[in-house]
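J.: My questions will all concern the structure given below.
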Amino acid sequence: MAKIAIFDSGLGSISIIKPIQKKLKSEIIYFADQKSYPYGTKSSKELGKIIKSTIKKLEERFEPDLIVVASNTPSLLLNPERQSKILGVYPPLKEATTMTSTKSIAILATKTVIKSRKLQNYINHQVPMRIKVTKINATPLVDLVESGKFISEKEFCKKKIRENLDLIQKRGIDTVTLSSTHLPFLLPLLKETFPNVTFLDPADSVANKVASLLVNRRSSVSQLKIFASGNTKTFQKKLQKLGIKNKVFQL
């Protein structure tokens with residue numbers, strides 16, 4: 001059976017896990033590093049230490065066939081795919097450029113990513129000059145997910161979405177990449193607030209890549225084991241609100 005370790009700083013990994021489970025039966029180790037939340041406000045140096053330490057811990061404890069860094073922030077800033085058996089999550093910009101009719105797209109990403117040169121370099125390599133790209137700090141929206149407000153306070157969340165994404169209407173943006181794995185949890189609210197905008201989730205492309213890499217390690221059953229740093233009981237309650245009843249273990 002293929003063994004896949006997937007981690008980020010909280011709930012974001014779930015948006016990657018579900019598409020992988022649809023593509024490939026495997027044993028998934030999900031680690032929510034809540035002690036390091038949020039990744040999106042940390043410097044590249046701080047993130048580098050966290051990601052290096054986490055990957056080492058997962059390798060030593062579980063010996064996975066593949067590790068998915070399920071967050072755009074460290075994927076863009078640190079390029080973890082330079083190491084073997086490591087996959088990152090990146091904004092689906094090429095797909096966005098083929099879908100836009102207004103030639104105006106947006107990237108929703110964390111504060112640290114938005115300010116980084118590496119994001120601009122990535123844009124330069126992925127997007128033709130004829131396409132206008134707007135970078136929007138979505139860290140406040142990430143907080144809506146990690147706090148659980150996207151479940152219990154939907155009207156409040158829609159208000160925050162309108163406030164933080166007002167540039168979408170002002171600039172005629174018709175295609176938006178969800179460049180944080182937390183943001184797909186907000187998709188129903190995003191679509192309701194901006195019904196004429198296409199929101200792109202990178203999870204499907206990650207799932208396809210995982211399935212292709214582990215094509216010879218398919219199994220007839222799926223397993224999900226969940227670990228967290230910080231308060232496991234609090235995190236377990238968050239997962240239960242999403243319909244996930246697995247026990248959360250300390251790591």
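Quick note on naming: the chains in the structure tokens go A, B, ... in the order shown, residues restart at 1 in each chain, and ligands are numbered from 1 in order of appearance.
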Tell me, as a ChimeraX atom specification, which residues lie within 9 Å of Asn72 (chain A), counting only C-alpha atoms; anything in the same chain fewer than 5 positions away does not count.

T.: /A:77,88-91,109-110,113,179-181

J.: Selected residues, C-alpha atoms, written as an mmCIF file, in the first residue's frame, please.

T.:
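Wrote result-v8.cif, looks like this:
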```cif
data_model
loop_
_atom_site.group_PDB
_atom_site.id
_atom_site.type_symbol
_atom_site.label_atom_id
_atom_site.label_comp_id
_atom_site.auth_asym_id
_atom_site.auth_seq_id
_atom_site.Cartn_x
_atom_site.Cartn_y
_atom_site.Cartn_z
ATOM 1 C CA LEU A 77 8.991 30.377 -1.129
ATOM 2 C CA GLY A 88 4.429 21.117 -3.266
ATOM 3 C CA VAL A 89 1.177 22.918 -4.089
ATOM 4 C CA TYR A 90 1.325 25.809 -6.562
ATOM 5 C CA PRO A 91 -1.159 28.347 -7.993
ATOM 6 C CA ALA A 109 -2.387 34.084 -1.396
ATOM 7 C CA THR A 110 -1.004 34.700 2.070
ATOM 8 C CA VAL A 113 3.680 35.113 -0.524
ATOM 9 C CA SER A 179 -3.411 29.949 -3.741
ATOM 10 C CA SER A 180 -3.870 28.717 -0.203
ATOM 11 C CA THR A 181 -5.157 25.252 0.605
#
```

J.: Check the DSSP output for the backbone and give back, as a VMD selection string, the residues of region 27-200 of chain A in helix (DSSP H, G or I).

T.: chain A and resid 34 to 36 39 to 41 44 to 62 72 to 78 80 to 82 93 to 99 111 to 114 117 to 126 139 to 146 149 to 152 154 to 164 166 to 170 183 to 193

J.: Could you work out how far CA of Pro202 (chain A) lies from CA of Lys135 (chain A), giving the answer in Å with one decimal?

T.: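 Going from CA of Lys135 (chain A) over to CA of Pro202 (chain A) covers 16.6 Å.
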
J.: Which residues come within 8 Å of region 204-219 of chain A, counting only C-alpha atoms, excluding same-chain residues fewer than 5 positions away, as a list of chain:residue names?

T.: A:Met1, A:Ala2, A:Ile16, A:Pro19, A:Ile20, A:Lys23, A:Leu24, A:Lys25, A:Ser26, A:Val89

J.: Let me see the file: selected residues, N, CA and C atoms, as a short mmCIF file (atom, residue, chain, number, x, y, z; two decimals), in the first residue's frame.

T.:
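Saved result, result21.cif, follows:
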```cif
data_model
loop_
_atom_site.label_atom_id
_atom_site.label_comp_id
_atom_site.auth_asym_id
_atom_site.auth_seq_id
_atom_site.Cartn_x
_atom_site.Cartn_y
_atom_site.Cartn_z
N MET A 1 0.84 -1.20 0.00
CA MET A 1 0.00 0.00 0.00
C MET A 1 0.87 1.25 0.00
N ALA A 2 0.54 2.22 -0.83
CA ALA A 2 1.26 3.49 -0.84
C ALA A 2 1.01 4.25 0.45
N ILE A 16 -6.69 18.98 0.05
CA ILE A 16 -5.82 18.20 -0.82
C ILE A 16 -6.09 16.70 -0.64
N PRO A 19 -9.36 15.02 -2.74
CA PRO A 19 -9.15 14.68 -4.16
C PRO A 19 -8.17 13.51 -4.35
N ILE A 20 -7.15 13.42 -3.47
CA ILE A 20 -6.22 12.29 -3.57
C ILE A 20 -6.94 10.98 -3.29
N LYS A 23 -8.70 9.62 -6.23
CA LYS A 23 -7.84 9.14 -7.31
C LYS A 23 -7.10 7.86 -6.95
N LEU A 24 -6.80 7.69 -5.65
CA LEU A 24 -5.88 6.63 -5.26
C LEU A 24 -6.18 6.12 -3.85
N LYS A 25 -6.37 4.83 -3.72
CA LYS A 25 -6.52 4.24 -2.39
C LYS A 25 -5.12 4.07 -1.80
N SER A 26 -4.93 4.58 -0.59
CA SER A 26 -3.60 4.58 0.02
C SER A 26 -3.74 4.82 1.52
N VAL A 89 2.45 22.49 -3.52
CA VAL A 89 1.18 22.92 -4.09
C VAL A 89 1.37 24.34 -4.62
#
```

J.: Ranking A:Val176, A:Leu87, A:Ile161, A:Ile131 by minimum distance to Thr102 (chain A) and counting only C-alpha atoms, which one comes first?

T.: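 Distance minimum relative to Thr102 (chain A) lands on A:Ile131.
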
J.: Would you work out the distance separating CA of Ile55 (chain A) from CA of Val145 (chain A), expressed in Å to one decimal?

T.: 24.4 Å

J.: Check the smallest atom-to-atom distance from each of A:Lys247, A:Lys94, A:Lys159, A:Lys35 to Leu190 (chain A) using only C-alpha atoms, then report the winner.

T.: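 Once distances to Leu190 (chain A) are computed over only C-alpha atoms, the minimum belongs to A:Lys159.
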
J.: Figure out the distance between CA of Ser9 (chain A) and CA of Thr177 (chain A), please, to one decimal in Å.

T.: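 Those two atoms sit 20.0 Å apart.
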
J.: Met99 (chain A): which residues within 12 Å, counting only C-alpha atoms, same-chain residues fewer than 4 positions away excluded, as a compact mmCIF listing (two decimals) with C-alpha atoms, in the first residue's frame?

T.:
```txt
# COMPACT_ATOMS: atom_id res chain seq x y z
CA PRO A 92 -2.80 27.01 -11.20
CA LEU A 93 -1.83 30.09 -13.19
CA LYS A 94 -1.49 28.43 -16.59
CA GLU A 95 -5.03 27.14 -16.29
CA LYS A 103 -7.47 39.03 -19.64
CA SER A 104 -7.50 39.92 -15.95
CA ILE A 105 -6.87 37.30 -13.26
CA ILE A 131 -2.70 38.96 -19.04
CA ILE A 173 -11.24 40.05 -12.89
CA ASP A 174 -13.02 36.92 -14.08
CA THR A 175 -10.65 34.15 -12.96
CA VAL A 176 -9.07 33.68 -9.52
CA THR A 177 -6.60 31.09 -8.24
CA VAL A 197 -16.03 34.65 -11.41
CA THR A 198 -14.24 31.31 -11.88
CA PHE A 199 -12.28 30.17 -8.82
CA LEU A 200 -9.53 27.60 -9.45
```

J.: For Ile67 (chain A), list every protein, DNA or RNA residue within 6 Å, evaluated using only C-alpha atoms, and leave out those in the same chain fewer than 3 positions away; present the list as a list of chain:residue names.

T.: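 Selected residues are A:Ile4, A:Ala5, A:Ile6, A:Ile86.
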
J.: Go through A:Asn79, A:Thr98, A:Ser222, A:Ser71 and flag the residue nearest Arg130 (chain A), using only C-alpha atoms for the distances.

T.: A:Thr98

J.: From the options A:Lys191, A:Lys45, A:Leu239, A:Asn246, which residue's atoms come nearest to Gln223 (chain A), counting only C-alpha atoms?

T.: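 Under the stated criterion, the closest residue is A:Asn246.
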